[in-house]
Amino acid sequence: MSESTTSVTRGRALRIAAGVAVLLALAGYLVAQYVTGGAGAPRCVVRSAEGDGTTYELSPEQAVNAATISAVGTSRGLPERAVTIALATALQESALRNIKYGDRDSLGLFQQRPSQGWGTPKQILDPGYSAEKFYEHLEKVPGYSRLPLTVAAQRVQRSGFPQAYAKHEPDAALLAAALTGRAPASLTCSAPRDAQPGRPADVRAALIRDFGPDVLPKAQAAGSAGEADSAGTADTMDTAGAAGAAGASAKLGSTPAAATVTVPVPAQAAGTGRSAGDRRGWELAHWAVAHASELRIEQVTYAGRVWTTGDSGKKWQSGNARNGSGEVRITTAQ
């Protein structure tokens, strides 16, 4: 073969190789965009309460799952450390995604196995159930809150790679501080692309699912299931002290400009600073922000601060000072 022919052949091979590399890079980019939701998709950011600029970014799907894991833990009366351990475990096992596959028969957020007694596949794929089972096992570990995170997580999971949990501890700690309410106004989410309306009944149902029926006044909790099942029923302005009036307005078909769910923070616990009541309020407020895309939440107000999709959801603004620490107001898009 002549030298010129060899050069042509080599040049053609290099061009083909370059073309394949470009296609592979493009394919990788598209997969990444699909998995993460894309650069223009809604994103959530949690910021350090220490003001050191540390942040962690996650998708709305991940934020919803993280909020559920946290809510289940605090509803069991567990400390922030337990929530941190659970979140770090789920970050390693599933990247906080409720996946339907895994090693052997592993499923869900914590990659629990039906064959090992964790529950049925349907149960394990329920984020609330899988979080409950994780905490149930964690509570049986003596002194888990004082153990290194890798040790505590491994006692529950029996993973083949126990040290892998350690790399997720900083991000899990940031998330836990926000979602348990210790770090005020530290979680924000950007707005969804579309302008689909939300339903207060769906917000109430999700609150009860994650926190239990005591999270809402009895009148709201009792009526939420029926409202959620009533297709086409108009939602109305809802407050803790006027749940009956709100229900009556819904039956009459009136629809105000905004539909708000008011979640009370117990007066005996409510306060300023970082008291137990204030933590509870910020826990509920951050839960709502994390669910903004899923439940079409437009605004969340607590303790004189307001998060809204109008500013792309990137920060908490100073709001009406009259809205103190006694209630969290969650307004859905209309």
# chains A, B, ... in the order shown; residues from 1 in each chain; ligands from 1

call {"tool": "residues_around", "arguments": {"residues": "stretch 52-54 of chain A", "least_positions_apart": "4", "cutoff": "10 Å", "atoms": "only C-alpha atoms", "output": "count of residues only"}}
result
6

call {"tool": "residues_around", "arguments": {"residues": "A:Tyr144", "least_positions_apart": "6", "cutoff": "10 Å", "atoms": "only C-alpha atoms", "output": "PyMOL selection string"}}
result
chain A and resi 81-82+85+138+151-153+155

call {"tool": "atom_distance", "arguments": {"atom1": "atom CA of A:Thr301", "atom2": "atom CA of A:Thr74"}}
result
21.2 Å

call {"tool": "residues_around", "arguments": {"residues": "stretch 89-105 of chain A", "least_positions_apart": "6", "cutoff": "10 Å", "atoms": "only C-alpha atoms", "output": "PyMOL selection string"}}
result
chain A and resi 58-59+61-66+69+83+111-116+121-122+124-127+130-131+134+149-150+152-154+156-157+159+161-162+164-169+171-172

call {"tool": "closest_residue", "arguments": {"among": "A:Arg209, A:Arg296, A:Lys314, A:Arg329", "to": "A:Pro197", "atoms": "only C-alpha atoms"}}
result
A:Arg296

call {"tool": "closest_residue", "arguments": {"among": "A:Ser190, A:Ser75, A:Ser145, A:Gln334", "to": "A:Phe211", "atoms": "only C-alpha atoms"}}
result
A:Ser75

call {"tool": "atom_distance", "arguments": {"atom1": "atom CA of A:Gly181", "atom2": "atom CA of A:Leu216"}}
result
17.9 Å

call {"tool": "select_by_dssp", "arguments": {"residues": "stretch 70-238 of chain A", "states": "alpha helix (DSSP H)", "output": "ChimeraX atom specification"}}
result
/A:70-75,80-94,121-124,127-138,149-157,169-179,200-211,218-229

call {"tool": "atom_distance", "arguments": {"atom1": "atom CA of A:Ala201", "atom2": "atom CA of A:Ala303"}}
result
23.6 Å

call {"tool": "closest_residue", "arguments": {"among": "A:Lys218, A:Arg279, A:Arg182, A:Arg146", "to": "A:Arg204", "atoms": "only C-alpha atoms"}}
result
A:Lys218

call {"tool": "residues_around", "arguments": {"residues": "stretch 315-320 of chain A", "least_positions_apart": "6", "cutoff": "10 Å", "atoms": "only C-alpha atoms", "output": "list in words"}}
result
Val45, Pro184, Ala185, Ser186, Leu187, Thr188, Cys189, Ser190, Val300, Thr301, Tyr302, Ala303, Gly304, Arg305, Val306, Trp307, Thr308 and Thr309 of chain A

call {"tool": "write_last_selection", "arguments": {"atoms": "C-alpha atoms", "output": "mmCIF file, in the first residue's frame"}}
result
data_model
loop_
_atom_site.group_PDB
_atom_site.id
_atom_site.type_symbol
_atom_site.label_atom_id
_atom_site.label_comp_id
_atom_site.auth_asym_id
_atom_site.auth_seq_id
_atom_site.Cartn_x
_atom_site.Cartn_y
_atom_site.Cartn_z
ATOM 1 C CA VAL A 45 -30.705 24.101 46.743
ATOM 2 C CA PRO A 184 -34.201 28.541 58.928
ATOM 3 C CA ALA A 185 -34.854 29.642 55.325
ATOM 4 C CA SER A 186 -32.085 27.373 54.029
ATOM 5 C CA LEU A 187 -33.974 25.342 51.397
ATOM 6 C CA THR A 188 -35.244 26.852 48.145
ATOM 7 C CA CYS A 189 -36.547 25.410 44.885
ATOM 8 C CA SER A 190 -37.034 26.946 41.451
ATOM 9 C CA VAL A 300 -44.890 29.387 51.463
ATOM 10 C CA THR A 301 -44.976 31.852 54.348
ATOM 11 C CA TYR A 302 -43.611 31.435 57.867
ATOM 12 C CA ALA A 303 -42.211 33.665 60.627
ATOM 13 C CA GLY A 304 -42.293 36.830 58.532
ATOM 14 C CA ARG A 305 -40.450 35.178 55.616
ATOM 15 C CA VAL A 306 -41.879 34.309 52.200
ATOM 16 C CA TRP A 307 -40.744 31.865 49.529
ATOM 17 C CA THR A 308 -42.437 32.250 46.160
ATOM 18 C CA THR A 309 -42.023 30.898 42.665
#

call {"tool": "residues_around", "arguments": {"residues": "A:Ala71", "least_positions_apart": "6", "cutoff": "9 Å", "atoms": "only C-alpha atoms", "output": "PyMOL selection string"}}
result
chain A and resi 83+128+179-180+210-211+283-284+287

call {"tool": "closest_residue", "arguments": {"among": "A:Gln123, A:Ser325, A:Trp118, A:Gly108", "to": "A:His137", "atoms": "only C-alpha atoms"}}
result
A:Trp118

call {"tool": "closest_residue", "arguments": {"among": "A:Leu147, A:Ala178, A:Ile208, A:Val203", "to": "A:Leu295", "atoms": "only C-alpha atoms"}}
result
A:Val203

call {"tool": "residues_around", "arguments": {"residues": "A:Ile297", "least_positions_apart": "2", "cutoff": "10 Å", "atoms": "only C-alpha atoms", "output": "number ranges by chain"}}
result
A: 191-192, 196-200, 203, 259-260, 288-295, 299-300, 308-309, 330-334
